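Data from entry39.txt: compact mmCIF, C-alpha atoms
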# COMPACT_ATOMS: atom_id res chain seq x y z
CA MET A 5 19.54 -41.65 -51.29
CA ALA A 6 17.38 -38.53 -51.14
CA THR A 7 15.97 -37.08 -54.33
CA ARG A 8 15.73 -33.42 -55.07
CA GLY A 9 12.31 -31.95 -54.83
CA ALA A 10 10.84 -28.51 -55.14
CA PRO A 11 12.50 -25.59 -53.33
CA PRO A 12 11.46 -25.16 -49.69
CA ALA A 13 8.11 -23.51 -49.14
CA SER A 14 9.78 -20.76 -47.09
CA LEU A 15 11.23 -19.27 -50.30
CA PRO A 16 9.09 -16.71 -52.09
CA SER A 17 7.54 -17.92 -55.32
CA LYS A 18 9.67 -15.63 -57.54
CA VAL A 19 12.97 -16.78 -56.02
CA THR A 20 14.41 -19.88 -57.62
CA SER A 21 17.36 -21.72 -56.18
CA VAL A 22 20.51 -21.41 -58.28
CA PRO A 23 22.66 -24.54 -58.57
CA PRO A 24 26.17 -24.27 -57.12
CA ASN A 25 28.79 -23.03 -59.55
CA GLN A 26 32.17 -21.32 -59.59
CA THR A 27 30.82 -17.77 -59.73
CA LEU A 28 29.66 -15.94 -56.61
CA TYR A 29 27.36 -12.93 -56.79
CA VAL A 30 28.11 -10.44 -54.00
CA VAL A 31 25.70 -7.60 -53.21
CA ASN A 32 25.51 -4.76 -50.67
CA LEU A 33 29.06 -3.61 -51.37
CA PRO A 34 30.20 -0.13 -50.26
CA LEU A 35 29.42 2.50 -52.91
CA LYS A 36 32.04 5.09 -51.95
CA ILE A 37 35.08 3.00 -52.93
CA ASN A 38 36.48 3.42 -56.45
CA LYS A 39 36.40 0.41 -58.76
CA PRO A 40 40.11 -0.59 -58.76
CA ALA A 41 40.33 -0.37 -54.97
CA LEU A 42 37.12 -2.38 -54.60
CA ARG A 43 38.41 -5.10 -56.93
CA VAL A 44 41.68 -5.36 -54.99
CA GLU A 45 39.88 -5.44 -51.66
CA LEU A 46 37.47 -8.15 -52.85
CA TYR A 47 40.34 -10.16 -54.28
CA MET A 48 42.26 -9.97 -50.99
CA LEU A 49 39.18 -10.94 -48.99
CA PHE A 50 37.98 -13.82 -51.17
CA SER A 51 41.39 -15.23 -52.18
CA THR A 52 41.93 -16.57 -48.67
CA TYR A 53 39.46 -19.36 -49.54
CA GLY A 54 40.92 -20.47 -52.87
CA ALA A 55 42.25 -19.54 -56.29
CA ILE A 56 40.31 -16.68 -57.91
CA LEU A 57 40.16 -16.41 -61.68
CA ASP A 58 38.38 -13.07 -61.98
CA VAL A 59 36.73 -10.29 -59.99
CA VAL A 60 34.11 -8.30 -61.90
CA ALA A 61 33.04 -5.12 -60.13
CA LEU A 62 31.28 -2.58 -62.34
CA LYS A 63 29.96 0.87 -61.48
CA THR A 64 27.03 0.86 -63.91
CA ARG A 65 23.57 1.61 -62.59
CA GLU A 66 22.53 -2.06 -62.67
CA MET A 67 25.76 -3.43 -61.17
CA ARG A 68 26.46 -0.70 -58.63
CA GLY A 69 27.13 -2.17 -55.20
CA SER A 70 27.58 -5.69 -56.52
CA ALA A 71 30.32 -7.88 -57.95
CA HIS A 72 31.03 -11.34 -59.35
CA ILE A 73 33.89 -13.40 -57.98
CA VAL A 74 34.93 -16.36 -60.15
CA TYR A 75 36.71 -19.26 -58.45
CA LYS A 76 38.65 -22.08 -60.06
CA ASP A 77 36.30 -24.73 -58.65
CA VAL A 78 32.89 -25.06 -57.05
CA GLN A 79 34.17 -26.31 -53.69
CA THR A 80 36.20 -23.18 -52.94
CA ALA A 81 33.33 -20.97 -54.10
CA THR A 82 30.99 -22.77 -51.70
CA LEU A 83 33.52 -22.48 -48.87
CA ALA A 84 33.92 -18.74 -49.44
CA MET A 85 30.18 -18.19 -49.70
CA ARG A 86 29.51 -19.96 -46.41
CA ALA A 87 32.32 -18.15 -44.61
CA LEU A 88 31.74 -14.62 -45.90
CA ASP A 89 27.95 -14.39 -46.19
CA GLY A 90 27.01 -11.68 -43.71
CA PHE A 91 30.63 -10.46 -43.40
CA GLU A 92 30.78 -6.74 -42.65
CA LEU A 93 32.82 -4.76 -45.17
CA HIS A 94 33.08 -1.00 -44.52
CA GLY A 95 29.96 -1.07 -42.36
CA ARG A 96 27.83 -3.08 -44.82
CA LYS A 97 26.94 -6.77 -44.49
CA LEU A 98 27.69 -8.73 -47.64
CA LYS A 99 25.02 -10.93 -49.18
CA ILE A 100 26.51 -13.73 -51.26
CA THR A 101 24.77 -16.17 -53.60
CA TYR A 102 25.83 -18.32 -56.52
CA GLY A 103 25.89 -16.52 -59.86
CA LYS A 104 22.99 -17.33 -62.21
CA GLY A 105 25.03 -17.78 -65.35
CA ARG A 106 28.32 -19.31 -66.27
CA SER A 107 31.28 -16.93 -66.35
CA ASN A 108 32.98 -16.32 -69.71
CA ILE A 109 36.39 -17.06 -68.21
CA ILE A 110 35.25 -20.56 -67.18
CA SER A 111 33.94 -21.21 -70.70
CA LYS A 112 37.22 -19.98 -72.18
CA LEU A 113 39.22 -22.31 -69.93
CA GLU A 114 37.05 -25.27 -70.92
CA GLY A 115 37.17 -24.33 -74.60
CA THR A 116 33.40 -23.90 -74.91
CA PHE A 117 33.32 -20.10 -75.14
CA LYS A 118 31.22 -18.69 -77.97
CA PRO A 119 31.22 -14.90 -78.26
CA LEU A 120 27.86 -13.23 -78.60
CA THR A 121 26.90 -12.33 -82.14
CA THR A 122 24.38 -9.66 -82.91
CA ALA A 123 21.74 -10.01 -85.59
CA ALA A 124 23.14 -6.98 -87.42
CA SER A 125 26.58 -8.50 -87.92
CA GLY A 126 25.31 -11.91 -89.02
CA ASN A 127 27.54 -14.08 -91.16
CA VAL A 128 29.08 -11.58 -93.55
CA GLU A 129 31.52 -12.81 -96.14
CA VAL A 130 34.26 -10.44 -97.24
CA THR A 131 35.22 -10.69 -100.91
CA ASP A 132 38.68 -10.14 -102.38
CA LEU A 133 37.51 -6.83 -103.87
CA GLN A 134 36.35 -5.61 -100.46
CA GLN A 135 39.65 -6.65 -98.89
CA SER A 136 41.62 -4.75 -101.54
CA ILE A 137 39.49 -1.64 -100.97
CA PHE A 138 39.81 -1.77 -97.18
CA ASN A 139 43.54 -2.46 -97.28
CA ALA A 140 44.37 0.16 -99.94
CA PRO A 141 46.45 3.19 -98.89
CA VAL A 142 44.68 6.50 -98.38
CA PRO A 143 44.85 8.69 -101.53
CA GLY A 144 47.36 11.51 -101.18
CA ALA A 145 48.95 10.01 -98.09
CA PRO A 146 52.68 9.27 -98.11
CA PRO A 147 53.56 5.59 -98.40
CA PRO A 148 53.90 3.82 -95.07
CA ALA A 149 57.37 3.96 -93.56
CA THR A 150 59.18 0.67 -93.56
CA GLY A 151 62.08 1.60 -91.30
CA LEU A 152 63.23 4.52 -89.26
CA PRO A 153 61.94 7.99 -90.14
CA SER A 154 64.17 10.04 -92.42
CA LYS A 155 66.20 12.92 -91.05
CA PRO A 156 64.87 16.43 -91.65
CA PRO A 157 66.78 18.38 -94.31
CA GLY A 158 69.25 21.07 -93.34
CA PRO A 159 72.82 21.46 -92.14
CA GLU A 160 71.87 21.67 -88.48
CA SER A 161 70.44 18.17 -88.56
CA ASP A 162 73.95 16.74 -88.18
CA ASN A 163 74.51 18.61 -84.87
CA ARG A 164 71.13 17.92 -83.31
CA GLY A 165 71.31 16.08 -80.04
CA VAL A 166 75.07 16.62 -79.63
CA LYS A 167 76.18 18.67 -76.66
CA ARG A 168 78.62 21.41 -77.52
CA THR A 169 81.69 22.10 -75.45
CA ARG A 170 82.33 25.48 -73.87
CA ASP A 171 85.12 26.21 -76.37
CA GLU A 172 82.67 25.86 -79.28
CA GLU A 173 80.17 28.14 -77.55
CA ASP A 174 82.85 30.80 -76.96
CA GLU A 175 83.96 30.67 -80.61
CA GLU A 176 80.38 31.16 -81.83
CA SER A 177 79.69 34.07 -79.48
CA GLU A 178 82.87 35.88 -80.59
CA ASP A 179 81.96 35.52 -84.27
CA SER A 180 78.41 36.72 -83.77
CA ASP A 181 79.37 40.01 -82.09
CA VAL A 182 79.16 42.89 -84.57
CA ALA A 183 80.64 46.27 -83.78
CA MET A 184 78.21 49.15 -84.05
CA GLU A 185 79.06 52.18 -86.08
CA GLU A 186 79.30 55.35 -84.06
CA ASP A 187 77.58 57.63 -86.54
CA SER A 188 74.47 55.44 -86.97
CA ASP A 189 72.63 57.33 -84.21
CA GLU A 190 73.35 60.80 -85.54
CA GLU A 191 71.18 61.33 -88.57

Would you encode the structure as structure tokens?
Amino acid sequence: MATRGAPPASLPSKVTSVPPNQTLYVVNLPLKINKPALRVELYMLFSTYGAILDVVALKTREMRGSAHIVYKDVQTATLAMRALDGFELHGRKLKITYGKGRSNIISKLEGTFKPLTTAASGNVEVTDLQQSIFNAPVPGAPPPATGLPSKPPGPESDNRGVKRTRDEEDEESEDSDVAMEEDSDEE
């Protein structure tokens, strides 16, 4: 059985070989396609080789023109990488390698995911006093509604949202007409 040695001498000294994993790193993607369309297109292209868990295509300065495709297993990722490396997509040849790190979705599936914690947040304990302060209602604000909102006051609130018939409209228009006095213009 052969043992693993150092990477081949043909590789530059700064390039280290990345062990096979479920995440593929794809570069040289077209820049003119919007992010949702690019994600769909990559999903359609790469899903022919196996089950895809996630497609991460960002438009930030560092990630522009690249994406991560996360497969369910290493074998399908390897199959897709071998088949699509050099594939021409919108006039650009794709360059595909294994991702350097482990994808968060894989860690979540295995139950080993640990979210990043910053030094500023640390391990802060919240006391009962702090909880009561944070959960207290805002001074001067009405108490939170427990059910449906109350109806606005006024007699017209009973007729709101009810369509009137033509007979009702005619009755109202007859009552609202006021006869003008003839001598009101002559002063």

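Computed from the coordinates, the atom CA of A:Ala61 to atom CA of A:Lys39 distance equals 6.6 Å.
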
Would you list the contacts of stretch 44-55 of chain A as a ChimeraX atom specification, taking every protein, DNA or RNA residue within 6 Å and counting only C-alpha atoms, but skipping same-chain residues closer than 5 positions in sequence?
/A:75-76,80,84

Using C-alpha atoms, can you write the selected residues to a file as a PDB file, keeping the file's coordinate frame?
ATOM      1  CA  TYR A  75      36.710 -19.260 -58.450  1.00  0.00           C
ATOM      2  CA  LYS A  76      38.650 -22.080 -60.060  1.00  0.00           C
ATOM      3  CA  THR A  80      36.200 -23.180 -52.940  1.00  0.00           C
ATOM      4  CA  ALA A  84      33.920 -18.740 -49.440  1.00  0.00           C
TER       5      ALA A  84
END

Anything within 12 Å of (24.8, -5.3, -45.8): list those residues as JSON, numbers by chain, counting only C-alpha atoms and sticking to the file's coordinates.
{"A": [30, 31, 32, 33, 34, 35, 69, 70, 88, 89, 90, 91, 92, 93, 94, 95, 96, 97, 98, 99, 100]}

If we count only C-alpha atoms and set the cut-off at 9 Å, which residues sit around A:Leu28, ignoring sequence neighbours fewer than 4 positions away in its own chain? Please answer as a ChimeraX atom specification.
/A:71-75,81-82,84-85,100-104

Would you work out the distance separating atom CA of A:Phe117 from atom CA of A:Ala41, expressed in Å to one decimal?
29.1 Å

Quick one: pull the distance between atom CA of A:Val60 and atom CA of A:Arg43, Å, one decimal.
7.3 Å

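The closest residue to A:Leu42, picked from A:Gln26, A:Arg68, A:Leu57, A:Leu113 and counting only C-alpha atoms, is A:Arg68.
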
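Distances to A:Val59 were evaluated for A:Gln134, A:Pro40, A:Pro119, A:Ser111 using all atoms listed in the file, and the minimum falls at A:Pro40.
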
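You can rank A:Asn25, A:Gln79, A:Thr169, A:Ser136 by their closest distance to A:Arg106 using all atoms listed in the file, and at the top of that list sits A:Asn25.
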